[in-house]
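Text of protein-v2.txt (compact mmCIF, C-alpha atoms and all ligand atoms) as supplied:
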# COMPACT_ATOMS: atom_id res chain seq x y z
CA MET A 294 78.14 153.01 138.37
CA GLU A 295 81.65 153.62 139.83
CA TYR A 296 84.49 151.48 138.58
CA GLN A 297 87.96 151.13 139.99
CA GLN A 298 90.60 153.02 138.08
CA SER A 299 94.44 152.95 138.18
CA THR A 300 94.19 149.32 139.02
CA GLU A 301 95.28 145.81 138.06
CA LEU A 302 92.77 144.24 135.70
CA ASP A 303 92.56 141.16 133.56
CA THR A 304 91.58 143.13 130.49
CA VAL A 305 91.16 146.67 129.20
CA VAL A 306 88.92 147.09 126.16
CA ILE A 307 89.55 150.30 124.21
CA GLY A 308 86.40 151.46 122.41
CA GLY A 309 82.83 151.01 123.60
CA GLY A 310 81.01 150.63 120.28
CA GLN A 311 79.26 147.36 119.47
CA ALA A 312 82.63 145.53 119.25
CA GLY A 313 83.83 146.70 122.67
CA LEU A 314 80.45 146.01 124.28
CA VAL A 315 80.10 142.48 122.97
CA MET A 316 83.70 141.83 123.99
CA GLY A 317 82.63 142.91 127.48
CA PHE A 318 79.70 140.50 127.37
CA TYR A 319 82.01 137.53 126.80
CA LEU A 320 84.68 138.73 129.24
CA ALA A 321 82.05 139.02 131.97
CA GLN A 322 80.91 135.50 131.18
CA ARG A 323 84.44 134.28 131.84
CA GLY A 324 84.91 136.18 135.06
CA HIS A 325 87.34 138.81 133.81
CA GLU A 326 87.97 141.96 135.75
CA PHE A 327 87.85 144.54 133.00
CA VAL A 328 86.86 148.00 131.89
CA ILE A 329 85.67 149.32 128.54
CA LEU A 330 87.10 152.78 127.89
CA ASP A 331 85.37 155.06 125.39
CA GLU A 332 86.12 158.64 124.48
CA ASN A 333 82.48 159.62 124.01
CA VAL A 334 80.18 160.84 126.74
CA ARG A 335 77.40 158.58 125.51
CA THR A 336 77.36 154.97 124.34
CA GLY A 337 76.35 154.59 120.69
CA GLN A 338 77.89 157.90 119.65
CA SER A 339 79.59 156.60 116.50
CA TRP A 340 76.10 155.69 115.18
CA ARG A 341 74.54 158.97 116.36
CA ASP A 342 77.26 160.92 114.51
CA ARG A 343 76.34 159.44 111.11
CA TRP A 344 74.03 161.24 108.65
CA ASP A 345 70.51 162.03 109.85
CA SER A 346 68.49 159.79 107.52
CA LEU A 347 70.75 156.71 107.81
CA ARG A 348 68.96 153.41 108.24
CA LEU A 349 70.86 150.19 108.73
CA PHE A 350 71.06 147.82 105.77
CA THR A 351 70.91 144.85 108.14
CA PRO A 352 67.39 144.03 109.41
CA ALA A 353 66.63 144.14 113.13
CA LYS A 354 66.77 140.34 113.35
CA TYR A 355 70.53 140.57 112.67
CA ASP A 356 71.25 143.76 114.63
CA GLY A 357 71.01 142.42 118.17
CA LEU A 358 74.17 141.47 120.05
CA PRO A 359 74.51 138.18 121.96
CA GLY A 360 72.25 138.13 125.01
CA LYS A 361 69.76 140.79 123.88
CA PRO A 362 67.73 140.70 120.66
CA PHE A 363 67.08 143.96 118.86
CA PRO A 364 63.53 144.97 119.84
CA GLY A 365 60.53 145.41 117.54
CA ASP A 366 59.76 144.34 114.00
CA ARG A 367 62.40 141.79 113.00
CA LEU A 368 62.24 142.68 109.30
CA ALA A 369 62.53 146.46 109.80
CA PHE A 370 65.75 148.38 109.18
CA PRO A 371 66.51 150.44 112.30
CA SER A 372 67.53 154.08 112.13
CA LYS A 373 71.05 154.98 113.30
CA ASP A 374 69.58 156.49 116.49
CA ASP A 375 67.57 153.31 117.20
CA MET A 376 70.86 151.43 116.91
CA ALA A 377 72.65 153.86 119.23
CA ASP A 378 69.82 153.60 121.80
CA TYR A 379 69.95 149.82 121.59
CA LEU A 380 73.70 149.84 122.34
CA GLU A 381 73.18 152.20 125.27
CA GLY A 382 70.50 149.86 126.62
CA TYR A 383 72.74 146.84 126.03
CA ALA A 384 75.60 148.30 128.10
CA GLU A 385 73.15 149.20 130.86
CA SER A 386 71.21 145.94 130.98
CA MET A 387 74.36 143.81 130.88
CA GLY A 388 75.91 145.94 133.64
CA LEU A 389 79.03 146.45 131.55
CA PRO A 390 81.81 148.55 133.13
CA VAL A 391 81.96 151.26 130.47
CA VAL A 392 84.04 154.29 131.43
CA LEU A 393 82.86 157.13 129.19
CA GLY A 394 84.61 160.39 128.35
CA THR A 395 87.94 158.57 128.41
CA ARG A 396 90.17 158.87 125.38
CA VAL A 397 93.06 156.44 125.57
CA ASP A 398 96.22 158.19 124.51
CA GLU A 399 98.86 155.60 125.30
CA VAL A 400 99.23 151.82 125.48
CA LYS A 401 102.60 150.64 126.78
CA LYS A 402 103.99 147.17 127.24
CA VAL A 403 104.97 146.74 130.89
CA GLY A 404 106.38 143.38 131.97
CA ASP A 405 103.90 140.63 131.07
CA GLY A 406 101.05 143.08 130.64
CA PHE A 407 100.15 146.58 129.52
CA SER A 408 99.67 150.03 130.93
CA VAL A 409 96.81 151.96 129.33
CA SER A 410 96.63 155.71 129.94
CA ALA A 411 94.03 158.37 129.36
CA GLY A 412 95.24 161.74 130.54
CA ASP A 413 96.31 161.37 134.14
CA ARG A 414 94.50 158.04 134.66
CA SER A 415 95.96 154.64 133.94
CA TRP A 416 94.97 150.99 134.07
CA GLN A 417 97.26 147.95 134.20
CA ALA A 418 96.07 144.75 132.57
CA ARG A 419 97.38 141.52 131.18
CA ASN A 420 95.20 141.83 128.06
CA VAL A 421 94.26 144.80 125.86
CA VAL A 422 91.56 144.62 123.19
CA VAL A 423 91.62 147.39 120.59
CA ALA A 424 88.02 147.85 119.42
CA THR A 425 88.26 151.42 118.18
CA GLY A 426 86.35 150.99 114.89
CA GLY A 427 87.53 151.33 111.32
CA TYR A 428 85.92 154.62 110.36
CA ARG A 429 87.98 157.30 112.04
CA SER A 430 90.33 158.94 109.54
CA PRO A 431 88.42 160.19 106.48
CA LYS A 432 90.33 159.75 103.24
CA ARG A 433 90.12 162.21 100.34
CA PRO A 434 92.47 162.69 97.39
CA GLY A 435 95.29 165.24 97.69
CA PHE A 436 93.91 167.22 94.73
CA ALA A 437 90.80 168.09 96.80
CA ALA A 438 92.86 171.00 98.17
CA GLY A 439 92.93 172.50 94.66
CA LEU A 440 89.15 172.97 94.42
CA ASP A 441 87.93 176.54 94.21
CA PRO A 442 87.31 177.86 97.76
CA SER A 443 83.73 178.83 96.76
CA ILE A 444 82.89 175.10 96.40
CA VAL A 445 81.41 173.54 99.55
CA GLN A 446 83.38 170.35 100.30
CA LEU A 447 82.34 167.72 102.81
CA HIS A 448 83.47 164.18 103.56
CA SER A 449 80.68 161.61 104.12
CA ASN A 450 81.99 161.44 107.68
CA ASP A 451 80.78 165.03 108.22
CA TYR A 452 77.70 164.91 106.01
CA ARG A 453 74.43 165.10 107.99
CA ASN A 454 71.79 166.38 105.52
CA PRO A 455 71.37 168.41 102.30
CA GLY A 456 70.97 171.58 104.40
CA GLN A 457 74.77 171.73 104.66
CA LEU A 458 75.06 172.30 100.90
CA GLN A 459 74.73 175.55 98.97
CA PRO A 460 72.41 175.97 95.96
CA GLY A 461 73.73 174.53 92.69
CA PRO A 462 74.89 171.15 91.42
CA VAL A 463 76.44 168.51 93.66
CA LEU A 464 79.14 166.02 92.74
CA VAL A 465 79.35 162.97 94.99
CA VAL A 466 82.77 161.36 94.56
CA GLY A 467 82.87 157.62 95.22
CA LEU A 468 80.19 155.04 94.46
CA GLY A 469 80.17 152.82 97.52
CA ASN A 470 77.10 152.52 99.75
CA SER A 471 77.66 155.90 101.44
CA GLY A 472 78.11 157.65 98.08
CA ALA A 473 75.00 156.03 96.62
CA GLU A 474 72.78 156.79 99.61
CA ILE A 475 73.98 160.38 99.97
CA ALA A 476 73.63 161.00 96.20
CA LEU A 477 70.04 159.73 96.28
CA GLU A 478 69.15 161.96 99.23
CA VAL A 479 70.82 165.06 97.79
CA SER A 480 69.16 164.52 94.38
CA ARG A 481 65.81 165.48 95.94
CA THR A 482 67.02 169.07 96.40
CA HIS A 483 70.00 169.48 94.05
CA ALA A 484 71.05 168.42 90.54
CA THR A 485 73.33 165.54 91.44
CA SER A 486 76.01 163.46 89.78
CA VAL A 487 78.05 160.67 91.27
CA SER A 488 81.47 159.61 90.07
CA GLY A 489 83.07 156.18 90.31
CA LYS A 490 82.37 152.50 89.70
CA PRO A 491 80.51 150.35 92.20
CA GLY A 492 82.20 147.18 93.48
CA GLY A 493 79.12 145.14 92.43
CA GLU A 494 75.42 145.46 93.32
CA LEU A 495 72.90 143.37 95.24
CA PRO A 496 71.00 141.52 92.49
CA VAL A 497 67.59 142.14 94.11
CA ARG A 498 65.76 145.08 95.61
CA HIS A 499 66.63 145.68 99.27
CA GLY A 500 63.68 145.74 101.65
CA ARG A 501 61.42 143.52 103.76
CA ALA A 502 61.18 140.76 101.16
CA ALA A 503 64.97 140.70 100.83
CA ALA A 504 65.24 140.62 104.63
CA ARG A 505 63.09 137.51 104.62
CA PHE A 506 64.54 135.58 101.68
CA VAL A 507 67.83 137.02 100.38
CA LEU A 508 69.66 138.59 103.32
CA PRO A 509 69.69 135.28 105.23
CA VAL A 510 71.66 133.78 102.32
CA ILE A 511 74.06 136.73 102.29
CA ARG A 512 74.46 136.49 106.06
CA PHE A 513 75.22 132.79 105.78
CA LEU A 514 77.85 133.43 103.09
CA GLY A 515 79.40 136.29 105.08
CA LEU A 516 79.56 134.29 108.29
CA HIS A 517 80.27 130.73 107.23
CA VAL A 518 81.53 130.59 103.64
CA LEU A 519 83.69 133.69 103.18
CA THR A 520 86.01 133.04 106.13
CA LEU A 521 89.75 132.65 106.53
CA ARG A 522 89.12 128.90 106.85
CA THR A 523 87.91 128.46 103.27
CA PRO A 524 89.96 128.82 100.06
CA VAL A 525 87.35 131.16 98.57
CA GLY A 526 87.36 133.27 101.75
CA ARG A 527 91.15 133.57 101.78
CA LYS A 528 91.05 134.51 98.10
CA VAL A 529 88.53 137.35 98.49
CA ALA A 530 89.73 138.69 101.86
CA PRO A 531 92.42 141.10 100.52
CA ARG A 532 90.01 142.50 97.93
CA PHE A 533 87.30 142.79 100.56
CA ARG A 534 89.61 144.79 102.84
CA ALA A 535 90.76 147.09 100.06
CA THR A 536 87.63 147.88 98.02
CA ALA A 537 84.14 149.20 98.65
CA ALA A 538 81.37 146.68 99.38
CA PRO A 539 78.74 146.06 96.67
CA LEU A 540 75.83 148.50 96.56
CA ILE A 541 73.15 147.11 98.82
CA ARG A 542 70.08 149.35 99.03
CA THR A 543 70.69 152.19 96.59
CA ARG A 544 71.89 150.67 93.35
CA THR A 545 72.68 152.32 90.01
CA LYS A 546 69.10 151.53 88.92
CA GLU A 547 67.63 153.52 91.81
CA LEU A 548 70.11 156.36 91.20
CA ARG A 549 69.25 156.63 87.50
CA ALA A 550 65.53 156.56 88.30
CA ALA A 551 66.07 159.53 90.64
CA GLY A 552 67.82 161.48 87.87
CA VAL A 553 71.34 161.13 89.30
CA GLU A 554 73.96 161.30 86.57
CA LEU A 555 76.58 158.52 86.74
CA LEU A 556 80.07 159.71 85.82
CA SER A 557 83.52 158.16 85.53
CA ARG A 558 86.14 158.62 88.27
CA VAL A 559 87.45 162.05 89.21
CA SER A 560 91.14 162.19 88.32
CA GLY A 561 92.16 165.70 89.36
CA VAL A 562 91.30 169.37 89.47
CA ALA A 563 91.67 172.04 86.78
CA GLY A 564 90.80 175.71 87.19
CA GLY A 565 89.41 174.92 90.64
CA LEU A 566 86.88 172.37 89.27
CA PRO A 567 86.87 168.55 89.41
CA VAL A 568 88.08 166.82 86.25
CA LEU A 569 86.95 163.34 85.21
CA GLU A 570 89.15 160.59 83.76
CA ASP A 571 87.96 161.45 80.24
CA GLY A 572 89.18 165.05 80.72
CA THR A 573 85.71 166.61 81.21
CA THR A 574 85.45 169.37 83.78
CA THR A 575 82.39 169.24 86.05
CA PRO A 576 81.06 172.67 87.02
CA VAL A 577 79.65 172.08 90.50
CA THR A 578 79.14 174.17 93.62
CA ASN A 579 79.29 171.27 96.10
CA VAL A 580 81.46 168.16 96.40
CA VAL A 581 80.77 165.32 98.83
CA TRP A 582 83.78 163.02 99.17
CA CYS A 583 82.58 159.47 99.78
CA THR A 584 86.09 158.17 99.37
CA GLY A 585 86.37 156.01 102.47
CA TYR A 586 88.75 155.97 105.40
CA HIS A 587 92.45 155.40 106.07
CA GLU A 588 93.44 152.26 107.90
CA ASP A 589 93.46 153.54 111.45
CA ALA A 590 96.87 154.33 112.88
CA TYR A 591 95.19 154.33 116.34
CA GLY A 592 97.33 157.20 117.64
CA MET A 593 97.87 155.46 120.97
CA GLY A 594 101.53 154.58 120.55
CA LEU A 595 100.50 150.92 120.37
CA PRO A 596 103.51 148.65 120.76
CA VAL A 597 102.77 147.15 117.30
CA ALA A 598 101.84 148.66 113.92
CA ALA A 599 98.17 148.99 112.94
CA ASP A 600 98.73 146.43 110.20
CA ALA A 601 100.49 143.99 112.52
CA GLY A 602 99.89 140.37 111.63
CA HIS A 603 97.13 138.72 113.63
CA GLN A 604 95.19 135.47 113.65
CA ARG A 605 91.47 136.23 114.05
CA GLY A 606 92.48 139.32 116.09
CA VAL A 607 95.16 137.63 118.20
CA VAL A 608 98.31 139.69 117.53
CA ASP A 609 101.18 137.37 116.63
CA ALA A 610 104.04 139.47 117.91
CA MET A 611 102.53 140.70 121.18
CA PRO A 612 100.87 138.18 123.50
CA GLY A 613 97.96 139.78 125.32
CA LEU A 614 97.13 142.27 122.54
CA TYR A 615 93.96 141.74 120.49
CA PHE A 616 92.04 143.53 117.74
CA LEU A 617 88.27 143.35 117.30
CA GLY A 618 85.87 144.70 114.67
CA ARG A 619 88.41 144.79 111.84
CA GLU A 620 87.48 144.28 108.21
CA PHE A 621 87.56 140.53 107.41
CA GLN A 622 89.14 139.80 110.80
CA PHE A 623 87.91 136.24 110.35
CA ALA A 624 84.99 136.47 107.93
CA ALA A 625 83.36 138.85 105.51
CA ALA A 626 80.84 139.72 108.26
CA SER A 627 83.51 140.44 110.91
CA ALA A 628 83.16 144.23 110.96
CA THR A 629 79.35 144.13 110.97
CA LEU A 630 76.70 143.47 113.62
CA PRO A 631 76.02 139.87 112.53
CA GLY A 632 79.72 138.94 112.68
CA VAL A 633 81.39 140.78 115.54
CA GLY A 634 79.94 138.67 118.36
CA ARG A 635 81.51 135.45 117.15
CA ASP A 636 84.95 137.09 116.87
CA ALA A 637 84.60 138.49 120.40
CA GLN A 638 83.63 135.07 121.71
CA TYR A 639 86.70 133.58 120.08
CA LEU A 640 89.01 136.17 121.65
CA ALA A 641 87.49 135.61 125.09
CA GLU A 642 88.12 131.89 124.71
CA VAL A 643 91.73 132.48 123.70
CA MET A 644 92.26 134.76 126.74
CA GLY A 645 90.82 132.16 129.07
CA ALA A 646 89.26 132.63 132.48
CA GLY A 647 89.66 135.86 134.37
CA SER A 648 90.27 136.41 138.05
CA GLY A 649 86.66 136.53 139.05
CA ARG A 650 84.89 139.78 139.92
CA PHE A 651 82.26 139.18 137.26
CA ALA A 652 82.15 135.39 137.64
CA GLY A 653 78.57 134.22 137.88
CA THR A 654 77.09 137.39 136.40
CA PHE A 655 75.98 135.37 133.43
CA ARG A 656 75.33 132.14 135.32
CA GLY A 657 73.51 129.60 133.21
CA MET A 658 74.82 130.84 129.90
CA ARG A 659 76.15 128.28 127.53
CA HIS A 660 79.93 127.98 127.52
CA ILE A 661 81.31 127.12 124.10
CA PRO A 662 85.00 126.17 123.84
CA ALA A 663 87.00 128.08 121.20
CA SER A 664 87.58 124.90 119.26
CA ASN A 665 83.81 124.69 118.70
CA ILE A 666 83.44 128.26 117.50
CA ASP A 667 83.15 128.19 113.74
P1 LIG B 1 82.66 152.05 116.41
O1 LIG B 1 81.19 152.00 116.36
O2 LIG B 1 83.36 153.07 115.57
O3 LIG B 1 83.11 152.15 117.92
C1 LIG B 1 84.44 152.39 118.29
C2 LIG B 1 84.42 153.26 119.53
O4 LIG B 1 85.77 153.43 120.01
C3 LIG B 1 83.88 154.64 119.27
O5 LIG B 1 82.94 154.98 120.27
C4 LIG B 1 85.12 155.53 119.35
O6 LIG B 1 84.83 156.85 119.74
C5 LIG B 1 85.94 154.79 120.39
N1 LIG B 1 87.37 155.08 120.36
C6 LIG B 1 88.18 155.12 119.28
N2 LIG B 1 89.46 155.44 119.65
C7 LIG B 1 89.45 155.56 121.00
C8 LIG B 1 90.43 155.87 121.97
N3 LIG B 1 91.71 156.10 121.64
N4 LIG B 1 90.07 155.92 123.28
C9 LIG B 1 88.78 155.68 123.64
N5 LIG B 1 87.79 155.41 122.77
C10 LIG B 1 88.12 155.34 121.45
N6 LIG B 1 77.11 147.31 109.96
C11 LIG B 1 76.02 146.52 110.01
O7 LIG B 1 76.07 145.40 110.51
N7 LIG B 1 74.82 146.96 109.50
C12 LIG B 1 74.69 148.19 108.94
O8 LIG B 1 73.61 148.54 108.46
C13 LIG B 1 75.85 149.06 108.90
N8 LIG B 1 75.73 150.31 108.39
C14 LIG B 1 76.84 151.12 108.38
C15 LIG B 1 76.74 152.40 107.82
C16 LIG B 1 77.84 153.24 107.80
C17 LIG B 1 77.71 154.60 107.18
C18 LIG B 1 79.07 152.80 108.31
C19 LIG B 1 80.29 153.70 108.30
C20 LIG B 1 79.20 151.53 108.87
C21 LIG B 1 78.09 150.66 108.91
N9 LIG B 1 78.17 149.37 109.43
C22 LIG B 1 77.06 148.57 109.44
C23 LIG B 1 79.48 148.79 109.85
C24 LIG B 1 79.67 148.70 111.37
O9 LIG B 1 78.62 147.97 111.96
C25 LIG B 1 79.79 150.07 112.05
O10 LIG B 1 80.86 150.80 111.50
C26 LIG B 1 79.98 149.99 113.57
O11 LIG B 1 79.89 151.28 114.12
C27 LIG B 1 81.34 149.34 113.95
O12 LIG B 1 81.36 149.16 115.35
P2 LIG B 1 82.72 149.16 116.17
O13 LIG B 1 82.37 148.96 117.60
O14 LIG B 1 83.69 148.25 115.53
O15 LIG B 1 83.31 150.64 115.96
Let me see the file written as structure tokens.
Ligand code: FAD
Amino acid sequence: MEYQQSTELDTVVIGGGQAGLVMGFYLAQRGHEFVILDENVRTGQSWRDRWDSLRLFTPAKYDGLPGKPFPGDRLAFPSKDDMADYLEGYAESMGLPVVLGTRVDEVKKVGDGFSVSAGDRSWQARNVVVATGGYRSPKRPGFAAGLDPSIVQLHSNDYRNPGQLQPGPVLVVGLGNSGAEIALEVSRTHATSVSGKPGGELPVRHGRAAARFVLPVIRFLGLHVLTLRTPVGRKVAPRFRATAAPLIRTRTKELRAAGVELLSRVSGVAGGLPVLEDGTTTPVTNVVWCTGYHEDAYGMGLPVAADAGHQRGVVDAMPGLYFLGREFQFAAASATLPGVGRDAQYLAEVMGAGSGRFAGTFRGMRHIPASNID
């Protein structure tokens, strides 16, 4: 489909992952003229680029975006490629104006609106939604540079499968969900240890039974109890943003059963090898850093800082600028599939009606005023 470029629009959405797409769904409903700009050549790429064996921890019944349920067995946990294909189909079936292969390099404030540029193309709009995802700048400790050059080092962001590792023991640094899942996989082919402390663990085994009885409770808590509207939500939000989520599918019990050794945190490097907090040196030939991501600096010259204050994604200091898909943007579930749709709906309501090209596309859909959105 051809979309107008270098033009006056109601809204430009930067990023065409699930957050950008669902934003588009609600903008279309309100008659906005908009585009969704994404740097990839294919929708769903951020899922495709994750490790080969990755399955979602959310069951299919929670993985669909508004307007299109996730197909198939509702209690199954889709693979990352199933998820990517679903998003591609979503953009297509909703007729969303996604402009692929378009990396936004500059957002400038111009008069009452914004100018958004990607190379020699630009779009003018009164609203900009930044939906660029939170997993872009891999974080690893400075001392990683001191490891012996013979050690294979990877960040979880670049890990695909154990075939990338050389023979010999593997140390996985960081015990969040990525660290736990990668350690379990690697333990089938390599002697594996994992260093760090989990930020809690799901109290029951993850799987179909949990999808039926336990995950609905967790979803309810993440959507309706742990929100910026409740005292408990406001209390946990900073911790939630700063620390790894509890282990969900691969817990310490599963790791121990697979023979993975659980170690304390890595505190530095000595003689080219990782050193633990208790001073022990770990002689390994591979290190997988599962140490998370930096808060994204966006790199688009945004007219406000990445940590600018915002209310549910509405940037205080810059009318017309919005964030979507951020950790605990409104609720614990905000940066996940079950939570992002509600935040997008809220932003669309705050922006109000658009100038009309898409009006009627979603005729018959229920219109919910922002004041009624939980
Ligand atoms: P992304 O999917 O990262 O999409 C952002 C898009 O913006 C990307 O296509 C990116 O290339 C593009 N972009 C960025 N900058 C620019 C720019 N300057 N110009 C143009 N385009 C740009 N959530 C769940 O609900 N269930 C799960 O099971 C689950 N599993 C996860 C497993 C892993 C390993 C990780 C890391 C996350 C998981 N999540 C899960 C969390 C979340 O759902 C995903 O991170 C999801 O991809 C977030 O979607 P998003 O649209 O916010 O960001």
message = How would you report the residues lying within 8 Å of ligand LIG 1 (chain B), as an MDAnalysis selection string, if you count only C-alpha atoms and all ligand atoms?
response = chainID A and resid 307:314 330:333 336:340 343:344 347:352 355:356 370 394:398 411 424:429 450 470:471 591:593 617:619 626 628:633
Take the selection from the previous step and output its residues with C-alpha atoms, as a PDB file, in the frame of the given file.
ATOM      1  CA  ILE A 307      89.550 150.300 124.210  1.00  0.00           C
ATOM      2  CA  GLY A 308      86.400 151.460 122.410  1.00  0.00           C
ATOM      3  CA  GLY A 309      82.830 151.010 123.600  1.00  0.00           C
ATOM      4  CA  GLY A 310      81.010 150.630 120.280  1.00  0.00           C
ATOM      5  CA  GLN A 311      79.260 147.360 119.470  1.00  0.00           C
ATOM      6  CA  ALA A 312      82.630 145.530 119.250  1.00  0.00           C
ATOM      7  CA  GLY A 313      83.830 146.700 122.670  1.00  0.00           C
ATOM      8  CA  LEU A 314      80.450 146.010 124.280  1.00  0.00           C
ATOM      9  CA  LEU A 330      87.100 152.780 127.890  1.00  0.00           C
ATOM     10  CA  ASP A 331      85.370 155.060 125.390  1.00  0.00           C
ATOM     11  CA  GLU A 332      86.120 158.640 124.480  1.00  0.00           C
ATOM     12  CA  ASN A 333      82.480 159.620 124.010  1.00  0.00           C
ATOM     13  CA  THR A 336      77.360 154.970 124.340  1.00  0.00           C
ATOM     14  CA  GLY A 337      76.350 154.590 120.690  1.00  0.00           C
ATOM     15  CA  GLN A 338      77.890 157.900 119.650  1.00  0.00           C
ATOM     16  CA  SER A 339      79.590 156.600 116.500  1.00  0.00           C
ATOM     17  CA  TRP A 340      76.100 155.690 115.180  1.00  0.00           C
ATOM     18  CA  ARG A 343      76.340 159.440 111.110  1.00  0.00           C
ATOM     19  CA  TRP A 344      74.030 161.240 108.650  1.00  0.00           C
ATOM     20  CA  LEU A 347      70.750 156.710 107.810  1.00  0.00           C
ATOM     21  CA  ARG A 348      68.960 153.410 108.240  1.00  0.00           C
ATOM     22  CA  LEU A 349      70.860 150.190 108.730  1.00  0.00           C
ATOM     23  CA  PHE A 350      71.060 147.820 105.770  1.00  0.00           C
ATOM     24  CA  THR A 351      70.910 144.850 108.140  1.00  0.00           C
ATOM     25  CA  PRO A 352      67.390 144.030 109.410  1.00  0.00           C
ATOM     26  CA  TYR A 355      70.530 140.570 112.670  1.00  0.00           C
ATOM     27  CA  ASP A 356      71.250 143.760 114.630  1.00  0.00           C
ATOM     28  CA  PHE A 370      65.750 148.380 109.180  1.00  0.00           C
ATOM     29  CA  GLY A 394      84.610 160.390 128.350  1.00  0.00           C
ATOM     30  CA  THR A 395      87.940 158.570 128.410  1.00  0.00           C
ATOM     31  CA  ARG A 396      90.170 158.870 125.380  1.00  0.00           C
ATOM     32  CA  VAL A 397      93.060 156.440 125.570  1.00  0.00           C
ATOM     33  CA  ASP A 398      96.220 158.190 124.510  1.00  0.00           C
ATOM     34  CA  ALA A 411      94.030 158.370 129.360  1.00  0.00           C
ATOM     35  CA  ALA A 424      88.020 147.850 119.420  1.00  0.00           C
ATOM     36  CA  THR A 425      88.260 151.420 118.180  1.00  0.00           C
ATOM     37  CA  GLY A 426      86.350 150.990 114.890  1.00  0.00           C
ATOM     38  CA  GLY A 427      87.530 151.330 111.320  1.00  0.00           C
ATOM     39  CA  TYR A 428      85.920 154.620 110.360  1.00  0.00           C
ATOM     40  CA  ARG A 429      87.980 157.300 112.040  1.00  0.00           C
ATOM     41  CA  ASN A 450      81.990 161.440 107.680  1.00  0.00           C
ATOM     42  CA  ASN A 470      77.100 152.520  99.750  1.00  0.00           C
ATOM     43  CA  SER A 471      77.660 155.900 101.440  1.00  0.00           C
ATOM     44  CA  TYR A 591      95.190 154.330 116.340  1.00  0.00           C
ATOM     45  CA  GLY A 592      97.330 157.200 117.640  1.00  0.00           C
ATOM     46  CA  MET A 593      97.870 155.460 120.970  1.00  0.00           C
ATOM     47  CA  LEU A 617      88.270 143.350 117.300  1.00  0.00           C
ATOM     48  CA  GLY A 618      85.870 144.700 114.670  1.00  0.00           C
ATOM     49  CA  ARG A 619      88.410 144.790 111.840  1.00  0.00           C
ATOM     50  CA  ALA A 626      80.840 139.720 108.260  1.00  0.00           C
ATOM     51  CA  ALA A 628      83.160 144.230 110.960  1.00  0.00           C
ATOM     52  CA  THR A 629      79.350 144.130 110.970  1.00  0.00           C
ATOM     53  CA  LEU A 630      76.700 143.470 113.620  1.00  0.00           C
ATOM     54  CA  PRO A 631      76.020 139.870 112.530  1.00  0.00           C
ATOM     55  CA  GLY A 632      79.720 138.940 112.680  1.00  0.00           C
ATOM     56  CA  VAL A 633      81.390 140.780 115.540  1.00  0.00           C
TER      57      VAL A 633
END
task = Enter the distance from atom CA of A:Leu495 to atom CA of A:Thr545, in Å, rounded to one decimal.
result = 10.4 Å
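Of the listed residues A:Ala321, A:Val562, A:Ala438, A:Val305, the one whose atoms come nearest to A:Ala646 is A:Ala321, with distances taken using all atoms listed in the file.
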Selection: 9 Å around A:Arg542, all atoms listed in the file, excl. self and same-chain fewer than 4 positions, as a list in words = Phe350, Asn470, Ala473, Glu474, Glu494, Leu495, Arg498, His499, Gly500 and Glu547 of chain A
Write out, as a tab-separated table (two decimals), keeping the file's coordinate frame, the residues just selected, with C-alpha atoms.
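Contents of the output file selection-v6.tsv:
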chain	number	residue	atom	x	y	z
A	350	PHE	CA	71.06	147.82	105.77
A	470	ASN	CA	77.10	152.52	99.75
A	473	ALA	CA	75.00	156.03	96.62
A	474	GLU	CA	72.78	156.79	99.61
A	494	GLU	CA	75.42	145.46	93.32
A	495	LEU	CA	72.90	143.37	95.24
A	498	ARG	CA	65.76	145.08	95.61
A	499	HIS	CA	66.63	145.68	99.27
A	500	GLY	CA	63.68	145.74	101.65
A	547	GLU	CA	67.63	153.52	91.81
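Among the candidates A:Thr543, A:Gln417, A:Ser560, A:Ser408, the residue lying nearest to A:Asp303 is A:Gln417 (atoms considered: only C-alpha atoms).
Nearest to A:Leu519 of all the residues A:Ile541, A:Met644, A:Val445, A:Phe533 is A:Phe533, based on all atoms listed in the file.
Comparing the minimum interatomic distances between A:Asp378 and each of A:Arg335, A:Val400, A:Val409, A:Met611, counting only C-alpha atoms, we find that A:Arg335 sits nearest.
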Report, as lines of an AutoDock Vina configuration file, the centre and edge lengths in Å (one decimal) of the axis-aligned box enclosing every listed atom of stretch 580-596 of chain A, padded by 4 Å on each side.
center_x = 92.1
center_y = 158.4
center_z = 108.7
size_x = 30.7
size_y = 27.5
size_z = 32.6
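Proximity of A:Ser443, A:Ser346, A:Thr584, A:Asn579 to A:Lys490, computed with all atoms listed in the file, is greatest for A:Thr584.
Atom CA of A:Ala625 to atom CA of A:His603 spans 16.0 Å [interatomic distance, one decimal].
The gap separating atom CA of A:Glu620 from atom CA of A:Thr520 is 11.5 Å, in Å to one decimal.
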task = Check the smallest atom-to-atom distance from each of A:Ser449, A:Tyr639, A:Leu389, A:Ala601 to A:Glu588 using only C-alpha atoms, then report the winner.
result = A:Ala601
